[in-house]
Amino acid sequence: MPAERAGYTVTMFLIDVSRSMGTVRTVDREDPDGSAREIEMTNLAYALQYVKLKIQEMIFNGRKTDQCGVILFGSEDTRNIVNAANGGYENVYEYIPIGQPNAGTIAKIDALEPSTTTGDPIDALIVGVETQARYLANKKTWTRKIAIITDGESPIEVEDWEATVAKMDSLSISLIIVGVDFDDEFLDYTEEGKSNIKAANETFYRTLTSSMADGRGVVGNCEYALQDVSRPEVKQVRSTLMATVLRIGDVNARPGEAIELSIKTSKCTALVRPKSWKKFALRESNKDKMDVDEEEEAELSGKIAYASLKMKTDCYINLNAIKEDEDGDIEMKKEYDDESLLDPQPDQGDKPKTDTLERVEKEELVRGFKYGTTYAPCPDGQFPKLPTRKGIDICGFFPQENFRRELAMGEIQYIWADPSSPQQQVALSSIVKAMQGGFEICDEKTKEKKETRSLLAIARWVTKDGMDPKMGILWPNSFDNVDCLLWCPMPFADDVRKYTFASLDRLVNKKGEVLTEHPYLPTDEQMEAMDSLVDAMDLMDAGEKDEEGNRLPWFSTPEAFNPAVHRIKQAMFHCAVFNDITSNPVPPPHPDLLVFFEPPKRAVKRAKKALQECKDIFKVKEVPKRVGKAKKDGHAHAQDEDDNLLLLDRKQPLDKTQSQMSIVEDSSISSPNKSKQPLADDGSETEEEDEELLLDKNTTMSEHRKDGPLPTPARSVSPHVDPGRAPGRIIGNAYPLKDFRKNIAQGDVVTKAVEDLSAVILEIVMKPFASRRKDEMLECMGVLRQTCLEEDEIDAWNSFVHEIKGKCLSKPGNPSFWEAVKQAGRELSLIGKQEARKQGGDSVVTENGADETS
Amino acid sequence: MPPYDDWNNIDEEEDEELQDPSVYETKKDVILFCIDCSDSMLKPYDDPQYEDVQTCHLFTALEAAMQIQKKKIIVGPNDSVGILLFNTTRKSETSRSQGSEIKRNTFLFQPIGPLSAPKVQEVIQLLDAAREDPDELRKTFPPLTHGRVPMGDVFTSCNWVLRDGAPKTASKRVFLITDEDNPHPSTSSKQLITSARTTLIDLTQAGVTVEPFFISTEDKPFDVSKFYSSVLLPTNLEDEDELQQDSSILPESISISRIEDLLSQMRFHEVPKRALFSVPFELANGFKIGIKGYGLVTEQKKGSYKYFVDLGDRMEVATVKTTYVDEDRQAEVDKTKIVYGCDQGAGGTEEDEDGEEAAGGAGARLVKPGSRPFFTTEEIRSFRTLGLEPGIKLLGFKPRSELAFEDNIKHSQFIYPDEMSFSGSKRTFSALLRSMLKKDKIAIVLAMTRRNSTPIFCALLPQDENVDDSGWTEPAGFHLIPLPFADEIRSAPIQEGFRASDEMRDAARKWIDKMTVKNGTYPPDSYPNPALAYHNAQLEASAFREQYDPDSFEDLTEPKYESMHKRAGSFMKKWKDDLANDNSANLVVATTGSKRKADVSVDEAEIKSKYDSDQLSKLRVDQLKEFLKAKGQSVSGKKADLVQRVSEWFDAH
């Protein structure tokens with residue numbers, strides 16, 4: 001039998017719709033969360049799932065040559081070609097003629113109901129064979145498949161079935177009997193209380209199928225067939241061989257020396273993406289609309305319609321922005337540019353500026369490129385291309401051990417010698433073998449024998465005359481009976497980005513000394529713990545056992561399915577087969593997809609001790625921050641903290657209250673050596689000392705702060721209005737609590753927000769008429785304390801309390817505010833050790849100390 | 001950015017791959033070149049490249065700035081650049097669009113603004129003039145003869161210039177170029193240092209990064225500790241990476257180089273470093289560290305063309321808007337109302353004659369009221385991600401040798417620890433890296449780097465820190481190499497072939513050895529993308545309104561034929577002769593195909609003789625086709641075309 005081609009197949013589904021198929025059964029269904037529930041359906045509906053999934057697969061693959069037809073037996077009516085010609089063959093109904101299926105086919109199958117009579121499957125089989133044969137009269141090479149879906153409860157006329165088998169064998173038809181509740185050895189299932197007629201029928205089906213040639217007959221349980229259909233399967237793609245040439249040297253100028261081989265290339269790896277979704281939308285019933293016919297039609301059938309959507313693109317030009325531009329307001333235009341770049345669909349609503357978008361016809365537009373703000377016309381859409389010649393040119397060779405794996409850019413291709421030319425095959429083979437090395441070769445001059453190294457070639461590939469060249473390397477590869485090269489594309493100079501990163505091992509302090517101990521550097525002890533974890537998590541013996549009982553490696557690329565591809569396929573099939581996914585949600589992913597989602601149990605078990613040691617010794621701690629992405633909410637641009645900050649900075653005079661602490665505090669808090677800093681532990685340190693400790697590495701800054709502002713030039717200019725927010729601050733004086741909450745919600749600026757709110761509270765409290773905002777400030781402090789407690793900013797809170805106490809009680813102070821704080825008691829007190837522990841943090845203040853101070 | 005026709009089809013749910021490069025392009029970058037213009041920078045010396053030409057540090061610095069501008073304009077056409085000079089007495093003209101006067105003895109040569117052809121040309125013209133007349137630069141920018149501008153003033157000027165010119169969302173950087181390691185040697189230096197530091201902090205808080213490029217010469221080596229180490233900030237608000245830097249450590253991005261290397265040093269910093277993702281790395285259950293991922297290798301494509309509207313006086317880019325419509329109704333559908341399903345299938349609409357079931361117009365699906373046969377955006381996202389949250393999960397370790405060459409499908413990414421999300425990440429990461437390097441292991445991980453991406457299996461390849469000849473330091477970290485899935489691996493279509501004898505192999509090895517760079521590797525830097533360069537050169541010419549001369553283009557990726565033939569030519573000839581005498585020359589492959597392919601195998605010599613005697617048309621079409629196929633030529637067209645093509649082939653060979 002020739003290898004099966006994809007497509008070129010007609011499948012006949014012979015569906016039993018006899019009365020017995022109306023029997024209601026309970027089916028276990030698994031919900032996405034893995035929980036099981038039972039639902040009731042008829043045997044027919046249950047068995048039709050198989051048909052629908054099979055047909056959906058044809059729709060999914062979208063091949064014109066993958067066709068099917070549906071014939072019913074046990075139907076009330078009779079309509080089939082054999083009956084029309086010869087009579088007989090009652091209760092067999094050709095329901096869907098052979099053709100490429102679509103969603104309508106599935107809808108029709110959905111409409112099937114059990115009848116009140118019975119039908120003979122062998123009649124249907126003969127009709128099916130005949131219908132198929134007639135359709136494929138002049139398409140002899142097509143693959144023929146027949147599936148009978150039945151519960152086996154109807155009587156079968158077991159006569160002359162051998163003739164039918166002979167007929168099917170002569171047409172190379174493969175037959176599958178999908179039986180509801182048939183006994184199945186794969187499932188290890190035997191039906192209890194099976195009727196005699198069904199038992200006899202099952203036996204008959206087995207005899208029938210087993211007497212077919214080449215094992216083309218199969219009987220299966222419906223449940224098993226359904227499982228089989230939903231199992232992920234790799235779609236085999238046979239790569240086409242593309243002809244090209246391999247050149248070494250200048251074929252034109254020195255044909256005597258230059259080498260040209262005729263070769264074929266084919267893909268070795270090829271990226272597979274999940275199939276894309278089609279878009280639909282519910283049609284709103286709207287009687288005023290013109291499509292009354294359709295509405296009525298839909299209403300008559302008592303159904304709602306989901307319409308398929310088509311994509312439409314239009315070009316617009318923003319005239320408003322241009323006008324503003326002409327007025328000389330460059331800023332406005334820039335902003336528009338910004339937004340159109342970031343978000344092609346400018347969110348209306350939160351923008352006070354009204355954009356007058358005017359549609360322009362594509363034909364009126366000129367193509368060109370942007371060279372900065374300059375327009376470079378290019379009506380063809382591209383400049384003349386670099387003239388190139390098809391083929392692969394070898395540029396040179398280098399030792400294999402110098403290959404940098406991480407530079408490999410993309411899909412691998414095979415390079416074969418021309419399969420029709422033995423000479424070309426030998427030629428390529430000699431190059432492959434020569435590159436592989438590992439043999440001895442005699443040096444021309446010294447006559448000494450030397451061992452050869454493995455080499456790789458650098459090559460330049462042009463797939464078609466005039467196409468852009470690609471650079472890559474050629475890797476010699478030997479299969480059992482053939483040699484070939486493997487091509488891997490490599491980056492051009494333009495494709496490599498060189499970013500600088502701080503060295504992980506070499507830390508230099510300001511004096512230029514190399515540090516050997518630092519929280520960033522692992523200690524010997526830590527190295528040891530990591531080494532044993534790496535050893536324990538070895539995968540080479542963590543897999544299944546082979547026949548001889550040896551452990552195999554765990555994970556290999558040919559075993560790993562692309563989970564997204566198969567999951568999306570499953571979901572697509574599901575929604576095509578079921579008409580309501582709310583009551584019938586997609587079952588959980590097939591377990592085969594998830595086998596490599598967790599490390600193997602064997603390794604995990606082995607690593608238990610090493611892991612615990614690593615956890616204890618590395619003391620990794622999550623820095624609280626990043627609550628989701630705040631960007632998604634439509635107001636993204638306007639509320640972006642970054643934007644505000646920068647915008648205000650630009651318009652703001654710098655003043656003395658500017659919080660320059662942020663950088664230093666950030667670094668000291670985030671750095672892991674925080675815990676090692678000798679912070680005061682009795683809670684009675686003065687504010688300044690506290691600060692000193694936090695800033696110990698940066699005396700210039702704290703000096704500057706204490707001495708008051710230096711006469712920096714920036715202060716002299718202040719032409720702008722005060723927005724309430726000091727430069728560099730993310731918390732304003734006007735609505736501190738609101739600003740604070742917003743920033744905390746955003747997540748990644750907690751430290752800065754805490755610090756700024758502290759500064760703001762201090763400022764407001766020390767201002768005249770502070771009593772007017774006393775309650776507000778107390779509320780701020782409450783929120784601040786809570787945040788500090790939860791976000792591990794306990795030290796910041798404690799030093800803030802010291803600071804506010806100091807300020808309030810000094811002159812000119814605000815003693816009444818301090819009284820109010822004290823009255824609040826524990827709600828605004830220092831955070832003590834115990835309280836901190838509860839939140840997983842630590843404090844240098846004892847619980848008693850916390851009580852006392854406030 | 002994808003080419004034009006693709007960006008129509010971008011689909012938020014499916015543009016995983018497309019997001020990659022666009023990360024670099026959606027955020028604007030602003031660079032202010034801040035160049036010292038003092039006497040020493042203007043001191044002429046002989047140009048090392050050209051004879052009888054004098055050059056100076058300032059010239060080189062401006063030239064480098066111009067080169068960066070040229071590159072930027074193509075890579076990021078929306079980026080902005082400005083040039084500020086200090087230690088010059090030249091006064092700024094009446095503050096153009098400048099909101100405030102900048103400090104004395106600093107001069108804004110080019111205010112921050114979007115890149116454009118005239119702007120680049122302005123610098124080119126200045127440089128050309130300076131080539132003609134070595135004193136040109138000194139005349140244009142008279143140096144400050146007594147003393148120097150306080151560095152604090154320089155930083156303040158930078159701040160103001162950026163404040164007035166840079167878009168708010170951009171990443172902003174100052175490229176500081178100077179050869180003076182001790183600008184304030186006098187007694188009052190302490191205060192000047194403090195002021196420099198303070199103003200630099202202001203600058204940093206405004207979101208500006210200062211990237212110093214210090215010029216060091218033999219006569220005047222640059223000593224950072226004299227002044228700059230106490231001024232330069234180890235921290236940087238814009239890039240949170242640097243926030244984690246312990247203040248005892250020097251900033252990473254100081255580059256001190258010889259003037260000749262200035263441009264290449266700047267190239268390293270040309271693109272602002274931006275992380276592609278920042279996710280937790282789970283080494284085991286309950287053991288997570290923070291990492292960030294960077295794209296060190298990404299295909300750089302040509303910019304996409306745009307549609308322009310001719311407004312008479314100038315050209316304006318048209319915005320393209322995509323909407324989804326219900327074609328039967330001609331109604332636009334609100335994005336939030338879109339649901340997703342699979343293709344309805346194309347075939348067999350004609351057979352809907354009894355179509356009461358399939359009614360509802362093309363492509364519509366009818367269901368009972370209250371039912372929903374399609375998925376929402378949220379649901380389809382969960383199918384993509386399989387319910388995973390972004391992150392990288394360690395599955396285990398394998399020997400380095402298990403990472404096969406052919407297990408490649410996409411470019412790699414680079415990961416580096418992020419102390420900001422998990423404290424202790426750096427030491428843990430370092431320990432893992434060292435351990436894996438020591439044991440020569442790779443790790444297998446499950447990675448989902450973004451919220452909208454699909455989970456993939458990757459190999460983590462440890463990378464040790466390495467300093468190469470050019471002074472570039474290969475950073476330490478892990479390369480994240482995506483592995484192909486079973487679905488993505490294709491089997492070999494050819495199972496057997498004739499193989500070479502040891503003699504043939506040895507003959508091949510001889511010429512191969514002659515073409516081998518003994519300690520070489522694949523050098524990406526030696527191969528600029530010729531198609532891209534060719535395109536960009538034409539784009540530049542078009543923007544400068546110059547005629548482009550295609551002959552001036554040099555393709556560096558072409559093989560070096562001269563030296564190949566010189567070194568290996570004789571061995572190649574020997575190998576060819578051996579091949580001609582090899583047994584295989586007489587073998588014919590048994591055709592395994594079907595009967596119809598009876599006798600198409602024609603000897604090349606026979607065809608050649610027909611060609612020579614001008615009797616190609618005597619051959620049958622299938623014979624001609626077979627020959628052309630073997631030569632990798634097209635087999636389309638009529639017989640006359642085939643004959644034509646065969647004779648063309650012989651003409652060429």
# chains A, B, ... in the order shown; residues from 1 in each chain; ligands from 1
>>> select_by_dssp(residues="range 193-307 of chain A", states="strand (DSSP E or B)", output="MDAnalysis selection string")
chainID A and resid 217:221 242:248 259:267 269 278:282 304:307
>>> write_last_selection(atoms="N, CA and C atoms", output="CSV table (one decimal), in the first residue's frame")
chain,number,residue,atom,x,y,z
A,217,GLY,N,-10.1,-3.8,9.2
A,217,GLY,CA,-11.4,-3.7,10.0
A,217,GLY,C,-11.1,-3.6,11.5
A,218,VAL,N,-11.8,-2.8,12.2
A,218,VAL,CA,-11.6,-2.6,13.6
A,218,VAL,C,-12.9,-2.4,14.3
A,219,VAL,N,-13.1,-3.0,15.5
A,219,VAL,CA,-14.2,-2.8,16.3
A,219,VAL,C,-13.8,-2.1,17.5
A,220,GLY,N,-14.5,-1.0,17.9
A,220,GLY,CA,-14.0,-0.3,19.1
A,220,GLY,C,-15.2,0.2,19.9
A,221,ASN,N,-14.9,0.4,21.2
A,221,ASN,CA,-15.9,1.0,22.1
A,221,ASN,C,-15.9,2.5,21.9
A,242,MET,N,13.9,21.3,-1.5
A,242,MET,CA,14.1,22.5,-2.4
A,242,MET,C,15.5,22.4,-3.0
A,243,ALA,N,15.5,22.5,-4.3
A,243,ALA,CA,16.8,22.4,-5.0
A,243,ALA,C,17.6,23.7,-4.9
A,244,THR,N,18.9,23.6,-4.7
A,244,THR,CA,19.8,24.7,-4.8
A,244,THR,C,21.2,24.2,-5.0
A,245,VAL,N,22.2,25.1,-5.0
A,245,VAL,CA,23.5,24.6,-5.2
A,245,VAL,C,24.4,25.0,-4.0
A,246,LEU,N,25.4,24.3,-3.7
A,246,LEU,CA,26.4,24.6,-2.7
A,246,LEU,C,27.7,25.0,-3.5
A,247,ARG,N,28.2,26.2,-3.2
A,247,ARG,CA,29.4,26.6,-3.9
A,247,ARG,C,30.6,26.8,-3.0
A,248,ILE,N,31.7,26.4,-3.4
A,248,ILE,CA,32.9,26.7,-2.7
A,248,ILE,C,33.9,27.4,-3.7
A,259,ILE,N,34.1,24.7,-6.7
A,259,ILE,CA,33.3,23.5,-6.6
A,259,ILE,C,31.8,24.0,-6.6
A,260,GLU,N,31.0,23.2,-7.3
A,260,GLU,CA,29.6,23.5,-7.2
A,260,GLU,C,28.8,22.2,-7.1
A,261,LEU,N,28.1,22.0,-6.1
A,261,LEU,CA,27.4,20.8,-5.9
A,261,LEU,C,25.9,21.0,-6.0
A,262,SER,N,25.2,20.1,-6.6
A,262,SER,CA,23.7,20.3,-6.6
A,262,SER,C,23.1,19.6,-5.4
A,263,ILE,N,22.4,20.4,-4.6
A,263,ILE,CA,21.9,19.9,-3.3
A,263,ILE,C,20.4,20.2,-3.2
A,264,LYS,N,19.8,19.5,-2.1
A,264,LYS,CA,18.4,19.8,-1.8
A,264,LYS,C,18.4,20.2,-0.3
A,265,THR,N,17.5,21.1,0.0
A,265,THR,CA,17.3,21.4,1.4
A,265,THR,C,15.9,21.1,1.8
A,266,SER,N,15.8,20.8,3.1
A,266,SER,CA,14.4,20.6,3.7
A,266,SER,C,14.5,21.0,5.1
A,267,LYS,N,13.3,21.3,5.7
A,267,LYS,CA,13.3,21.8,7.1
A,267,LYS,C,13.5,20.6,8.1
A,269,THR,N,13.6,21.6,11.7
A,269,THR,CA,12.7,22.1,12.7
A,269,THR,C,11.9,23.2,12.1
A,278,LYS,N,-11.1,32.6,14.9
A,278,LYS,CA,-11.9,33.5,14.1
A,278,LYS,C,-12.8,34.3,15.0
A,279,LYS,N,-13.1,35.5,14.6
A,279,LYS,CA,-13.9,36.4,15.5
A,279,LYS,C,-15.3,36.4,15.1
A,280,PHE,N,-16.1,36.4,16.2
A,280,PHE,CA,-17.6,36.4,16.0
A,280,PHE,C,-18.2,37.4,16.9
A,281,ALA,N,-19.4,37.8,16.7
A,281,ALA,CA,-20.1,38.7,17.6
A,281,ALA,C,-21.6,38.4,17.6
A,282,LEU,N,-22.2,38.5,18.7
A,282,LEU,CA,-23.7,38.2,18.8
A,282,LEU,C,-24.4,39.3,18.0
A,304,ILE,N,-30.7,32.5,18.2
A,304,ILE,CA,-29.9,33.8,18.1
A,304,ILE,C,-28.7,33.5,17.2
A,305,ALA,N,-28.2,34.5,16.5
A,305,ALA,CA,-27.2,34.4,15.6
A,305,ALA,C,-25.9,35.0,16.0
A,306,TYR,N,-24.8,34.3,15.9
A,306,TYR,CA,-23.5,34.8,16.1
A,306,TYR,C,-22.9,35.0,14.7
A,307,ALA,N,-22.5,36.2,14.4
A,307,ALA,CA,-22.0,36.5,13.0
A,307,ALA,C,-20.5,36.5,13.0
>>> atom_distance(atom1="CA of Leu521 in chain A", atom2="CA of Phe478 in chain B")
16.8 Å
>>> residues_around(residues="range 534-536 of chain A", least_positions_apart="5", cutoff="12 Å", atoms="only C-alpha atoms", output="PyMOL selection string")
(chain A and resi 527-529+541-542+599-611+614) or (chain B and resi 283-284+394-399+431-444)
>>> residues_around(residues="range 513-517 of chain B", least_positions_apart="6", cutoff="12 Å", atoms="only C-alpha atoms", output="number ranges by chain")
A: 248-249, 394-400, 402, 431, 434-435, 437, 441-444, 452-458; B: 505-507, 523, 559-572
>>> write_last_selection(atoms="N, CA and C atoms", output="compact mmCIF listing (two decimals), in the first residue's frame")
# COMPACT_ATOMS: atom_id res chain seq x y z
N ILE A 248 31.73 26.41 -3.43
CA ILE A 248 32.95 26.72 -2.70
C ILE A 248 33.88 27.35 -3.72
N GLY A 249 34.22 28.60 -3.49
CA GLY A 249 35.08 29.31 -4.43
C GLY A 249 34.26 30.03 -5.48
N ILE A 394 30.11 28.73 0.74
CA ILE A 394 30.88 28.52 1.97
C ILE A 394 31.93 29.62 2.08
N CYS A 395 32.00 30.25 3.27
CA CYS A 395 32.93 31.36 3.47
C CYS A 395 34.18 30.93 4.21
N GLY A 396 34.11 29.84 4.95
CA GLY A 396 35.27 29.42 5.72
C GLY A 396 34.86 28.39 6.75
N PHE A 397 35.86 27.92 7.51
CA PHE A 397 35.58 26.90 8.52
C PHE A 397 36.19 27.33 9.85
N PHE A 398 35.64 26.78 10.92
CA PHE A 398 36.25 27.02 12.25
C PHE A 398 35.99 25.80 13.13
N PRO A 399 36.77 25.64 14.20
CA PRO A 399 36.61 24.44 15.04
C PRO A 399 35.26 24.41 15.74
N GLN A 400 34.70 23.23 15.79
CA GLN A 400 33.38 23.06 16.35
C GLN A 400 33.27 23.51 17.80
N ASN A 402 34.37 25.98 19.18
CA ASN A 402 34.22 27.43 19.36
C ASN A 402 32.82 27.92 19.01
N ILE A 431 32.77 15.86 2.07
CA ILE A 431 32.89 17.11 2.82
C ILE A 431 32.40 16.91 4.25
N ALA A 434 34.89 14.88 6.13
CA ALA A 434 36.11 15.65 6.38
C ALA A 434 35.89 16.64 7.51
N MET A 435 34.70 17.23 7.54
CA MET A 435 34.42 18.22 8.59
C MET A 435 34.28 17.56 9.95
N GLY A 437 35.96 15.23 11.22
CA GLY A 437 37.28 15.02 11.84
C GLY A 437 37.35 13.70 12.56
N ILE A 441 45.40 12.59 9.36
CA ILE A 441 45.71 13.02 8.01
C ILE A 441 47.19 13.37 7.96
N CYS A 442 47.78 13.15 6.84
CA CYS A 442 49.22 13.35 6.70
C CYS A 442 49.50 14.78 6.27
N ASP A 443 50.33 15.47 7.01
CA ASP A 443 50.65 16.85 6.69
C ASP A 443 51.53 16.88 5.43
N GLU A 444 51.23 17.79 4.53
CA GLU A 444 51.95 17.86 3.26
C GLU A 444 53.44 18.08 3.45
N THR A 452 42.64 15.03 13.23
CA THR A 452 41.87 16.18 12.77
C THR A 452 40.77 16.54 13.77
N ARG A 453 40.49 17.83 13.86
CA ARG A 453 39.42 18.30 14.76
C ARG A 453 38.10 18.38 13.99
N SER A 454 37.04 18.48 14.72
CA SER A 454 35.74 18.68 14.07
C SER A 454 35.60 20.15 13.68
N LEU A 455 35.08 20.35 12.50
CA LEU A 455 34.95 21.72 12.00
C LEU A 455 33.51 22.05 11.63
N LEU A 456 33.23 23.33 11.65
CA LEU A 456 31.94 23.81 11.13
C LEU A 456 32.24 24.81 10.03
N ALA A 457 31.30 24.96 9.12
CA ALA A 457 31.50 25.92 8.04
C ALA A 457 30.63 27.15 8.26
N ILE A 458 31.17 28.29 7.87
CA ILE A 458 30.38 29.52 7.83
C ILE A 458 29.86 29.65 6.41
N ARG B 505 37.49 11.68 1.42
CA ARG B 505 37.38 12.47 2.64
C ARG B 505 38.68 13.22 2.90
N ASP B 506 39.81 12.51 2.79
CA ASP B 506 41.09 13.16 3.05
C ASP B 506 41.36 14.27 2.04
N ALA B 507 40.95 14.03 0.81
CA ALA B 507 41.16 15.05 -0.22
C ALA B 507 40.35 16.29 0.10
N PRO B 523 31.92 34.96 13.56
CA PRO B 523 32.05 36.35 14.02
C PRO B 523 30.91 37.23 13.56
N PRO B 559 31.95 35.62 0.16
CA PRO B 559 33.17 34.88 0.49
C PRO B 559 34.40 35.60 -0.05
N LYS B 560 35.49 35.44 0.65
CA LYS B 560 36.74 36.08 0.20
C LYS B 560 37.38 35.16 -0.83
N TYR B 561 36.87 35.27 -2.07
CA TYR B 561 37.28 34.34 -3.10
C TYR B 561 38.79 34.34 -3.31
N GLU B 562 39.36 35.54 -3.35
CA GLU B 562 40.77 35.65 -3.66
C GLU B 562 41.61 34.75 -2.76
N SER B 563 41.45 34.95 -1.47
CA SER B 563 42.31 34.21 -0.56
C SER B 563 41.91 32.73 -0.52
N MET B 564 40.64 32.44 -0.75
CA MET B 564 40.23 31.03 -0.77
C MET B 564 40.95 30.29 -1.88
N HIS B 565 40.95 30.89 -3.06
CA HIS B 565 41.59 30.21 -4.18
C HIS B 565 43.10 30.18 -4.03
N LYS B 566 43.63 31.26 -3.46
CA LYS B 566 45.08 31.33 -3.30
C LYS B 566 45.55 30.22 -2.36
N ARG B 567 44.81 30.05 -1.30
CA ARG B 567 45.25 29.07 -0.30
C ARG B 567 44.87 27.64 -0.68
N ALA B 568 43.63 27.49 -1.16
CA ALA B 568 43.11 26.13 -1.27
C ALA B 568 42.85 25.69 -2.70
N GLY B 569 43.07 26.59 -3.66
CA GLY B 569 42.69 26.32 -5.04
C GLY B 569 43.20 25.00 -5.58
N SER B 570 44.48 24.74 -5.36
CA SER B 570 45.06 23.53 -5.95
C SER B 570 44.46 22.28 -5.32
N PHE B 571 44.18 22.35 -4.02
CA PHE B 571 43.58 21.18 -3.36
C PHE B 571 42.15 20.94 -3.82
N MET B 572 41.45 22.05 -4.09
CA MET B 572 40.08 21.91 -4.57
C MET B 572 40.08 21.23 -5.93
>>> closest_residue(among="A:Val432, A:Leu552, A:Val82, A:Ile804", to="chain B", atoms="only C-alpha atoms")
A:Val432
>>> closest_atom_pairs(of="range 528-580 of chain A", to="range 382-385 of chain B", cutoff="12 Å", atoms="only C-alpha atoms", output="Markdown table")
| residue | atom | partner | partner_atom | distance |
| --- | --- | --- | --- | --- |
| A:Asn562 | CA | B:Arg384 | CA | 10.3 |
| A:Pro563 | CA | B:Arg384 | CA | 8.1 |
| A:Ala564 | CA | B:Arg384 | CA | 4.9 |
| A:Val565 | CA | B:Arg384 | CA | 7.8 |
| A:His566 | CA | B:Phe383 | CA | 9.2 |
| A:Arg567 | CA | B:Phe383 | CA | 5.9 |
| A:Ile568 | CA | B:Phe383 | CA | 5.7 |
| A:Lys569 | CA | B:Phe383 | CA | 9.3 |
| A:Gln570 | CA | B:Phe383 | CA | 9.2 |
| A:Ala571 | CA | B:Phe383 | CA | 7.5 |
| A:Met572 | CA | B:Phe383 | CA | 10.0 |
>>> atom_distance(atom1="CA of Lys337 in chain B", atom2="CA of Met58 in chain A")
28.7 Å
>>> residues_around(residues="Ile481 in chain B", least_positions_apart="4", cutoff="9 Å", atoms="only C-alpha atoms", output="MDAnalysis selection string")
(chainID A and resid 405:406 408) or (chainID B and resid 408:414 457:461)
>>> residues_around(residues="range 219-233 of chain B", least_positions_apart="6", cutoff="6 Å", atoms="only C-alpha atoms", output="MDAnalysis selection string")
chainID B and resid 181:182 197
>>> write_last_selection(atoms="all heavy atoms", output="CSV table (one decimal), in the first residue's frame")
chain,number,residue,atom,x,y,z
B,181,ASP,N,40.2,64.5,33.5
B,181,ASP,CA,39.8,63.7,34.7
B,181,ASP,C,39.8,64.5,36.0
B,181,ASP,O,39.3,64.0,37.0
B,181,ASP,CB,40.8,62.5,34.9
B,181,ASP,CG,42.2,62.9,35.0
B,181,ASP,OD1,42.5,64.1,34.9
B,181,ASP,OD2,43.1,62.0,35.1
B,182,ASN,N,40.3,65.7,35.9
B,182,ASN,CA,40.2,66.5,37.1
B,182,ASN,C,39.8,68.0,36.8
B,182,ASN,O,40.7,68.8,36.7
B,182,ASN,CB,41.6,66.5,37.8
B,182,ASN,CG,41.5,67.0,39.2
B,182,ASN,OD1,40.4,67.3,39.7
B,182,ASN,ND2,42.6,67.2,39.9
B,197,ARG,N,27.8,66.9,42.2
B,197,ARG,CA,27.1,65.7,42.6
B,197,ARG,C,25.6,66.0,42.8
B,197,ARG,O,24.7,65.2,42.4
B,197,ARG,CB,27.7,65.2,44.0
B,197,ARG,CG,27.1,63.8,44.3
B,197,ARG,CD,27.7,63.2,45.6
B,197,ARG,NE,26.9,62.1,45.9
B,197,ARG,CZ,27.1,60.9,45.4
B,197,ARG,NH1,28.2,60.7,44.6
B,197,ARG,NH2,26.3,59.9,45.7
>>> residues_around(residues="Pro489 in chain A", least_positions_apart="4", cutoff="9 Å", atoms="only C-alpha atoms", output="list of chain:residue names")
A:Leu407, A:Ala408, A:Met409, A:Gly410, A:Glu411, A:Ile412, A:Lys470, A:Met471, A:Gly472, A:Ile473
>>> atom_distance(atom1="CA of Met168 in chain A", atom2="CA of Arg238 in chain A")
29.5 Å
